[in-house]
>>> print(open('start18.txt').read())   # compact mmCIF, C-alpha atoms
# COMPACT_ATOMS: atom_id res chain seq x y z
CA MET A 1 10.30 -23.82 14.08
CA VAL A 2 9.42 -20.96 11.80
CA GLU A 3 10.56 -17.35 11.98
CA LEU A 4 7.76 -14.81 12.30
CA ARG A 5 8.34 -11.18 11.39
CA TYR A 6 6.16 -8.16 12.07
CA PHE A 7 6.33 -4.68 10.56
CA ALA A 8 5.02 -1.14 11.15
CA TRP A 9 2.06 -0.81 13.55
CA LEU A 10 1.62 -4.57 13.68
CA ARG A 11 5.16 -4.84 15.11
CA GLU A 12 4.33 -2.15 17.67
CA ARG A 13 1.13 -3.89 18.74
CA VAL A 14 2.72 -7.35 18.98
CA GLY A 15 5.70 -5.88 20.81
CA VAL A 16 8.51 -7.65 18.92
CA GLY A 17 9.93 -7.44 15.41
CA HIS A 18 10.53 -11.15 15.07
CA GLU A 19 10.25 -14.39 16.97
CA GLN A 20 10.49 -18.13 16.44
CA VAL A 21 7.46 -20.32 17.00
CA GLU A 22 6.42 -23.93 16.79
CA THR A 23 3.18 -24.27 14.93
CA GLU A 24 0.84 -26.99 13.75
CA ALA A 25 -1.02 -24.56 11.51
CA ALA A 26 -1.55 -25.70 7.92
CA THR A 27 -2.27 -22.24 6.54
CA VAL A 28 -1.46 -18.60 7.22
CA GLY A 29 -5.01 -18.10 8.48
CA GLU A 30 -4.67 -20.94 10.98
CA LEU A 31 -1.39 -19.49 12.23
CA ILE A 32 -3.11 -16.13 12.78
CA ASN A 33 -5.79 -17.88 14.86
CA GLU A 34 -3.09 -19.61 16.94
CA LEU A 35 -1.43 -16.26 17.58
CA LYS A 36 -4.72 -14.57 18.50
CA ASP A 37 -5.34 -17.28 21.10
CA ARG A 38 -1.99 -16.54 22.76
CA ASP A 39 -2.75 -13.25 24.47
CA GLU A 40 -4.47 -9.91 24.17
CA ALA A 41 -1.64 -8.12 22.37
CA TYR A 42 -1.84 -10.59 19.47
CA ALA A 43 -5.66 -10.61 19.55
CA PHE A 44 -5.61 -6.80 19.28
CA ALA A 45 -2.91 -6.74 16.60
CA PHE A 46 -4.79 -9.23 14.42
CA SER A 47 -8.33 -8.01 15.20
CA ASP A 48 -8.98 -6.55 11.73
CA LEU A 49 -7.72 -8.95 9.08
CA SER A 50 -8.69 -6.59 6.26
CA ALA A 51 -5.85 -4.36 7.49
CA ILE A 52 -3.25 -7.14 7.41
CA ARG A 53 -1.13 -8.64 4.64
CA ALA A 54 1.05 -11.74 4.85
CA ALA A 55 4.17 -13.01 3.12
CA VAL A 56 5.54 -16.56 3.17
CA ASP A 57 9.27 -16.74 2.45
CA GLN A 58 9.08 -13.15 1.22
CA GLU A 59 6.25 -13.70 -1.27
CA LEU A 60 2.94 -11.93 -0.72
CA VAL A 61 0.20 -14.54 -0.16
CA GLU A 62 -3.49 -14.88 0.73
CA PHE A 63 -4.55 -16.18 4.15
CA ASP A 64 -5.40 -19.61 2.74
CA ALA A 65 -1.79 -20.13 1.60
CA PRO A 66 -0.23 -23.38 2.89
CA LEU A 67 2.64 -23.23 5.40
CA ALA A 68 4.27 -26.56 4.55
CA GLY A 69 8.01 -26.01 4.25
CA ALA A 70 7.82 -22.30 5.09
CA ARG A 71 10.85 -20.81 6.83
CA GLU A 72 9.79 -17.21 7.33
CA ILE A 73 6.30 -15.78 7.67
CA ALA A 74 5.76 -12.04 7.83
CA PHE A 75 2.74 -9.97 8.82
CA PHE A 76 2.29 -6.27 8.11
CA PRO A 77 -0.25 -3.58 7.27
CA PRO A 78 -0.97 -2.67 3.62
CA MET A 79 2.16 -1.20 2.10
CA THR A 80 2.65 2.52 1.60
CA GLY A 81 5.75 2.95 -0.52
CA GLY A 82 6.43 5.44 -3.26
CA MET B 1 18.80 -1.72 -11.64
CA ILE B 2 17.28 -1.80 -8.17
CA ARG B 3 18.70 0.10 -5.20
CA VAL B 4 17.42 0.33 -1.62
CA GLN B 5 19.32 2.73 0.64
CA SER B 6 18.93 5.05 3.61
CA GLU B 7 21.21 7.79 2.25
CA LEU B 8 19.92 10.94 0.63
CA PHE B 9 20.40 10.92 -3.14
CA ASP B 10 20.76 13.53 -5.86
CA MET B 11 17.86 13.13 -8.31
CA GLY B 12 19.66 14.97 -11.10
CA ALA B 13 22.84 12.96 -10.75
CA GLU B 14 20.91 9.66 -10.67
CA LEU B 15 18.92 10.61 -13.76
CA ASN B 16 22.03 11.72 -15.65
CA ARG B 17 23.81 8.47 -14.78
CA PHE B 18 20.80 6.43 -15.89
CA ALA B 19 20.39 8.35 -19.16
CA ALA B 20 24.10 8.03 -19.92
CA ASP B 21 23.92 4.23 -19.64
CA VAL B 22 20.88 3.48 -21.79
CA ALA B 23 21.97 2.22 -25.16
CA GLY B 24 19.51 2.50 -28.03
CA ALA B 25 16.87 4.44 -26.12
CA GLY B 26 15.07 7.44 -27.60
CA ALA B 27 13.05 8.25 -24.49
CA VAL B 28 13.73 8.45 -20.76
CA VAL B 29 10.88 9.03 -18.28
CA SER B 30 11.46 9.54 -14.57
CA PHE B 31 9.33 10.10 -11.49
CA SER B 32 10.52 11.19 -8.05
CA GLY B 33 8.55 11.05 -4.83
CA LEU B 34 9.31 13.68 -2.18
CA VAL B 35 8.48 13.90 1.52
CA ARG B 36 5.35 16.03 1.57
CA ASP B 37 4.42 18.04 4.66
CA VAL B 38 1.24 16.98 6.44
CA ALA B 39 -1.94 19.11 6.42
CA THR B 40 -1.02 20.62 9.77
CA GLY B 41 2.31 21.85 8.38
CA ASP B 42 4.38 20.62 11.31
CA LEU B 43 5.90 17.45 9.92
CA SER B 44 9.39 17.16 11.36
CA LYS B 45 10.37 13.89 9.71
CA MET B 46 9.19 10.81 7.93
CA ILE B 47 10.45 7.36 8.85
CA ILE B 48 10.21 4.57 6.32
CA GLU B 49 10.38 0.99 7.49
CA HIS B 50 11.06 -1.80 5.02
CA TYR B 51 11.47 -5.56 4.92
CA PRO B 52 15.12 -6.22 4.01
CA GLY B 53 15.32 -9.06 1.53
CA MET B 54 11.69 -9.01 0.49
CA THR B 55 11.97 -5.36 -0.55
CA GLU B 56 14.72 -6.01 -3.11
CA LYS B 57 12.94 -9.14 -4.30
CA ALA B 58 9.57 -7.39 -4.72
CA LEU B 59 11.11 -4.42 -6.54
CA GLY B 60 13.03 -6.78 -8.83
CA GLU B 61 9.84 -8.68 -9.68
CA ILE B 62 7.94 -5.45 -10.39
CA ALA B 63 10.75 -4.24 -12.65
CA GLU B 64 10.77 -7.60 -14.47
CA GLN B 65 7.02 -7.37 -15.02
CA ALA B 66 7.47 -3.91 -16.53
CA ARG B 67 10.16 -5.28 -18.84
CA SER B 68 7.90 -8.10 -19.98
CA ARG B 69 4.95 -5.78 -20.71
CA TRP B 70 6.70 -2.98 -22.56
CA SER B 71 9.64 -2.67 -24.86
CA LEU B 72 12.21 -1.12 -22.51
CA THR B 73 15.93 -0.76 -22.82
CA ASP B 74 16.42 -0.16 -19.08
CA VAL B 75 14.64 0.26 -15.75
CA PHE B 76 15.84 1.97 -12.57
CA VAL B 77 14.14 1.86 -9.17
CA LEU B 78 15.66 3.60 -6.15
CA HIS B 79 13.83 3.69 -2.80
CA ARG B 80 15.03 4.98 0.55
CA TYR B 81 14.28 3.79 4.06
CA GLY B 82 14.97 5.33 7.47
CA GLU B 83 14.58 8.96 8.46
CA MET B 84 13.99 11.84 6.05
CA THR B 85 12.80 15.44 6.29
CA PRO B 86 10.16 17.38 4.29
CA GLY B 87 11.25 18.14 0.73
CA GLU B 88 13.79 15.31 0.56
CA PRO B 89 13.42 12.71 -2.18
CA ILE B 90 12.02 9.37 -1.00
CA MET B 91 12.35 7.40 -4.18
CA MET B 92 12.59 7.54 -7.94
CA VAL B 93 11.85 5.36 -10.92
CA ALA B 94 13.21 5.83 -14.41
CA THR B 95 12.48 3.95 -17.59
CA ALA B 96 14.18 4.05 -20.96
CA ALA B 97 12.68 2.88 -24.24
CA ARG B 98 13.00 3.41 -27.96
CA HIS B 99 9.65 5.25 -27.90
CA ARG B 100 8.08 7.47 -25.26
CA ALA B 101 4.75 5.64 -24.95
CA ASP B 102 6.46 2.55 -23.54
CA ALA B 103 8.62 4.63 -21.18
CA PHE B 104 5.63 6.60 -19.81
CA ALA B 105 3.39 3.56 -19.36
CA ALA B 106 6.11 1.49 -17.70
CA ALA B 107 6.96 4.32 -15.27
CA GLU B 108 3.29 4.62 -14.24
CA PHE B 109 3.00 0.86 -13.86
CA LEU B 110 6.12 0.76 -11.67
CA MET B 111 4.74 3.52 -9.44
CA ASP B 112 1.30 1.93 -9.09
CA TYR B 113 2.80 -1.43 -8.21
CA LEU B 114 5.43 -0.30 -5.80
CA LYS B 115 2.88 1.84 -3.91
CA SER B 116 1.01 -1.20 -2.73
CA ARG B 117 3.16 -4.25 -3.54
CA ALA B 118 6.61 -3.28 -2.28
CA PRO B 119 7.09 -3.71 1.48
CA PHE B 120 7.59 -0.13 2.68
CA TRP B 121 5.63 1.59 5.45
CA LYS B 122 5.66 5.32 6.10
CA GLN B 123 5.45 6.91 9.51
CA GLU B 124 4.94 10.68 9.87
CA ILE B 125 6.37 12.46 12.91
CA ALA B 126 4.59 15.78 13.56
CA GLY B 127 4.90 17.51 16.92
CA ASP B 128 4.77 14.73 19.50
CA LYS B 129 2.67 12.47 17.28
CA ALA B 130 3.89 9.52 15.25
CA ASP B 131 1.29 8.25 12.77
CA TRP B 132 1.57 5.38 10.32
CA VAL B 133 0.36 6.49 6.89
CA ALA B 134 -2.69 4.44 5.93
CA ALA B 135 -2.87 2.78 2.53
CA ARG B 136 -5.41 4.44 0.25
CA ASP B 137 -8.15 2.51 -1.54
CA GLU B 138 -7.26 4.45 -4.71
CA ASP B 139 -3.83 2.82 -4.69
CA GLU B 140 -5.39 -0.63 -4.82
CA VAL B 141 -7.85 0.48 -7.52
CA ALA B 142 -4.94 1.88 -9.56
CA LEU B 143 -3.55 -1.65 -9.99
CA LYS B 144 -6.68 -2.83 -11.78
CA ARG B 145 -6.00 -0.77 -14.88
CA TRP B 146 -2.95 -2.88 -15.68
>>> encode(input="start18.txt", output="structure tokens")
Amino acid sequence: MVELRYFAWLRERVGVGHEQVETEAATVGELINELKDRDEAYAFAFSDLSAIRAAVDQELVEFDAPLAGAREIAFFPPMTGG
Amino acid sequence: MIRVQSELFDMGAELNRFAADVAGAGAVVSFSGLVRDVATGDLSKMIIEHYPGMTEKALGEIAEQARSRWSLTDVFVLHRYGEMTPGEPIMMVATAARHRADAFAAAEFLMDYLKSRAPFWKQEIAGDKADWVAARDEDEVALKRW
């Protein structure tokens, strides 16, 4: 099981802030595809990947990053701090 | 020092505290970001969401990078989350160095990096509308100069 976390408008579109999932995905990109296949809310939330960033165990990563050993995977829009 | 908090802070008091603690510095540079009203002039509040845990970690890494690139005696990053109203401070960075060039450059670097590498998201509430602030391409371009 891994913990998934969602922030900002991605959280609103998915409908939850966090959840635990079982996944066979080897990479962040594969996990996104699994989520998109679940239902329309996820398909809509992840429809434009250029507007999405990912972090594995709180480190920003690219979509080809491996998931082996990951405990927490987060998805969010580009950051707007400052 | 890194601080993430929801409470309002006093920019002057924070800067004075920082400047009082920096040993051997000849220059202190600070930047503060304020809640700016939207074009329509009816912003009632701004809500900042963050990623507890990752936020502190990301800010710490950005501060460490600044320390490794410039000769700094101290670095301070303070960023708020939660609800705030127009005119309130959102965040501040301060750098201290023996010479001003290092302090200025490091402060700009910190700002550029935390704009698009620290996990904060701004939502503007104006009238009955709540809009997430979109990241700007210029912010991403700004990173390339470092």
>>> residues_around(input="start18.txt", residues="A:Asp57", least_positions_apart="5", cutoff="8 Å", atoms="all atoms listed in the file", output="tab-separated table (two decimals) with C-alpha atoms, in the coordinates of the input")
chain	number	residue	atom	x	y	z
A	70	ALA	CA	7.82	-22.30	5.09
A	71	ARG	CA	10.85	-20.81	6.83
A	72	GLU	CA	9.79	-17.21	7.33
A	73	ILE	CA	6.30	-15.78	7.67
A	74	ALA	CA	5.76	-12.04	7.83
>>> residues_around(input="start18.txt", residues="A:Asp48", least_positions_apart="6", cutoff="12 Å", atoms="all atoms listed in the file", output="NGL selection string")
:A and (10 or 32 or 36 or 42 or 76-77)
>>> closest_atom_pairs(input="start18.txt", of="chain A", to="chain B", cutoff="10 Å", atoms="only C-alpha atoms", output="CSV")
residue,atom,partner,partner_atom,distance
A:Arg5,CA,B:Tyr51,CA,9.1
A:Tyr6,CA,B:Tyr51,CA,9.3
A:Phe7,CA,B:Glu49,CA,7.6
A:Ala8,CA,B:Trp121,CA,6.3
A:Trp9,CA,B:Trp132,CA,7.0
A:Ala51,CA,B:Ala135,CA,9.2
A:Ala55,CA,B:Met54,CA,8.9
A:Asp57,CA,B:Met54,CA,8.3
A:Gln58,CA,B:Met54,CA,4.9
A:Glu59,CA,B:Met54,CA,7.4
A:Leu60,CA,B:Arg117,CA,8.2
A:Ala74,CA,B:Tyr51,CA,9.1
A:Phe76,CA,B:Pro119,CA,8.6
A:Pro77,CA,B:Trp121,CA,8.0
A:Pro78,CA,B:Ala135,CA,5.9
A:Met79,CA,B:Ser116,CA,5.0
A:Thr80,CA,B:Trp121,CA,5.0
A:Gly81,CA,B:Lys115,CA,4.6
A:Gly82,CA,B:Lys115,CA,5.1
>>> residues_around(input="start18.txt", residues="A:Leu31", least_positions_apart="5", cutoff="10 Å", atoms="only C-alpha atoms", output="VMD selection string")
chain A and resid 23 to 26 36 to 37 63 67 73
>>> atom_distance(input="start18.txt", atom1="atom CA of B:Ile2", atom2="atom CA of B:Val75")
8.3 Å
>>> atom_distance(input="start18.txt", atom1="atom CA of B:Ala19", atom2="atom CA of B:Ala96")
7.8 Å
>>> atom_distance(input="start18.txt", atom1="atom CA of B:Leu143", atom2="atom CA of B:Ile62")
12.1 Å
>>> residues_around(input="start18.txt", residues="A:Gln20", least_positions_apart="4", cutoff="8 Å", atoms="only C-alpha atoms", output="ChimeraX atom specification")
/A:1-4
>>> write_last_selection(input="start18.txt", atoms="C-alpha atoms", output="PDB file, in the frame of the given file")
ATOM      1  CA  MET A   1      10.300 -23.820  14.080  1.00  0.00           C
ATOM      2  CA  VAL A   2       9.420 -20.960  11.800  1.00  0.00           C
ATOM      3  CA  GLU A   3      10.560 -17.350  11.980  1.00  0.00           C
ATOM      4  CA  LEU A   4       7.760 -14.810  12.300  1.00  0.00           C
TER       5      LEU A   4
END
>>> closest_residue(input="start18.txt", among="A:Ser47, A:Ala41, A:Leu35, A:Val28", to="A:Asp64", atoms="all atoms listed in the file")
A:Val28
>>> closest_residue(input="start18.txt", among="B:Leu8, B:Ala101, B:Met1, B:Met46", to="B:Glu61", atoms="only C-alpha atoms")
B:Met1
>>> closest_residue(input="start18.txt", among="B:Thr85, B:Ala142, B:Val29, B:Ala97", to="B:Leu43", atoms="only C-alpha atoms")
B:Thr85
>>> build_atoms(input="start18.txt", residues="stretch 31-48 of chain B", atoms="N, CA, C and O atoms", output="JSON list (two decimals), in the frame of the given file")
[["chain", "number", "residue", "atom", "x", "y", "z"],
["B", 31, "PHE", "N", 10.24, 9.57, -12.51],
["B", 31, "PHE", "CA", 9.33, 10.10, -11.49],
["B", 31, "PHE", "C", 10.09, 10.08, -10.17],
["B", 31, "PHE", "O", 10.81, 9.12, -9.89],
["B", 32, "SER", "N", 9.92, 11.15, -9.38],
["B", 32, "SER", "CA", 10.52, 11.19, -8.05],
["B", 32, "SER", "C", 9.45, 11.50, -7.02],
["B", 32, "SER", "O", 8.61, 12.37, -7.24],
["B", 33, "GLY", "N", 9.47, 10.79, -5.93],
["B", 33, "GLY", "CA", 8.55, 11.05, -4.83],
["B", 33, "GLY", "C", 9.29, 11.80, -3.74],
["B", 33, "GLY", "O", 10.41, 11.42, -3.38],
["B", 34, "LEU", "N", 8.67, 12.87, -3.22],
["B", 34, "LEU", "CA", 9.31, 13.68, -2.18],
["B", 34, "LEU", "C", 8.53, 13.57, -0.88],
["B", 34, "LEU", "O", 7.33, 13.26, -0.89],
["B", 35, "VAL", "N", 9.18, 13.86, 0.22],
["B", 35, "VAL", "CA", 8.48, 13.90, 1.52],
["B", 35, "VAL", "C", 7.62, 15.16, 1.52],
["B", 35, "VAL", "O", 8.12, 16.27, 1.40],
["B", 36, "ARG", "N", 6.31, 14.93, 1.61],
["B", 36, "ARG", "CA", 5.35, 16.03, 1.57],
["B", 36, "ARG", "C", 4.96, 16.37, 3.01],
["B", 36, "ARG", "O", 4.78, 15.47, 3.84],
["B", 37, "ASP", "N", 4.82, 17.67, 3.30],
["B", 37, "ASP", "CA", 4.42, 18.04, 4.66],
["B", 37, "ASP", "C", 2.97, 17.63, 4.88],
["B", 37, "ASP", "O", 2.18, 17.56, 3.93],
["B", 38, "VAL", "N", 2.62, 17.36, 6.11],
["B", 38, "VAL", "CA", 1.24, 16.98, 6.44],
["B", 38, "VAL", "C", 0.35, 18.22, 6.43],
["B", 38, "VAL", "O", 0.83, 19.35, 6.39],
["B", 39, "ALA", "N", -0.98, 17.99, 6.49],
["B", 39, "ALA", "CA", -1.94, 19.11, 6.42],
["B", 39, "ALA", "C", -1.70, 20.15, 7.51],
["B", 39, "ALA", "O", -1.91, 21.35, 7.30],
["B", 40, "THR", "N", -1.23, 19.69, 8.65],
["B", 40, "THR", "CA", -1.02, 20.62, 9.77],
["B", 40, "THR", "C", 0.27, 21.43, 9.61],
["B", 40, "THR", "O", 0.50, 22.38, 10.36],
["B", 41, "GLY", "N", 1.10, 21.07, 8.65],
["B", 41, "GLY", "CA", 2.31, 21.85, 8.38],
["B", 41, "GLY", "C", 3.41, 21.71, 9.41],
["B", 41, "GLY", "O", 4.34, 22.51, 9.40],
["B", 42, "ASP", "N", 3.32, 20.74, 10.30],
["B", 42, "ASP", "CA", 4.38, 20.62, 11.31],
["B", 42, "ASP", "C", 5.11, 19.28, 11.26],
["B", 42, "ASP", "O", 5.62, 18.80, 12.28],
["B", 43, "LEU", "N", 5.17, 18.72, 10.06],
["B", 43, "LEU", "CA", 5.90, 17.45, 9.92],
["B", 43, "LEU", "C", 7.39, 17.69, 10.17],
["B", 43, "LEU", "O", 8.00, 18.54, 9.53],
["B", 44, "SER", "N", 7.96, 16.98, 11.12],
["B", 44, "SER", "CA", 9.39, 17.16, 11.36],
["B", 44, "SER", "C", 10.20, 16.11, 10.60],
["B", 44, "SER", "O", 11.28, 16.40, 10.11],
["B", 45, "LYS", "N", 9.66, 14.90, 10.51],
["B", 45, "LYS", "CA", 10.37, 13.89, 9.71],
["B", 45, "LYS", "C", 9.43, 12.75, 9.31],
["B", 45, "LYS", "O", 8.35, 12.59, 9.88],
["B", 46, "MET", "N", 9.90, 12.01, 8.33],
["B", 46, "MET", "CA", 9.19, 10.81, 7.93],
["B", 46, "MET", "C", 10.15, 9.65, 8.12],
["B", 46, "MET", "O", 11.35, 9.77, 7.84],
["B", 47, "ILE", "N", 9.61, 8.55, 8.66],
["B", 47, "ILE", "CA", 10.45, 7.36, 8.85],
["B", 47, "ILE", "C", 9.86, 6.25, 7.99],
["B", 47, "ILE", "O", 8.66, 5.97, 8.08],
["B", 48, "ILE", "N", 10.68, 5.67, 7.15],
["B", 48, "ILE", "CA", 10.21, 4.57, 6.32],
["B", 48, "ILE", "C", 10.84, 3.28, 6.78],
["B", 48, "ILE", "O", 12.06, 3.16, 6.89]]
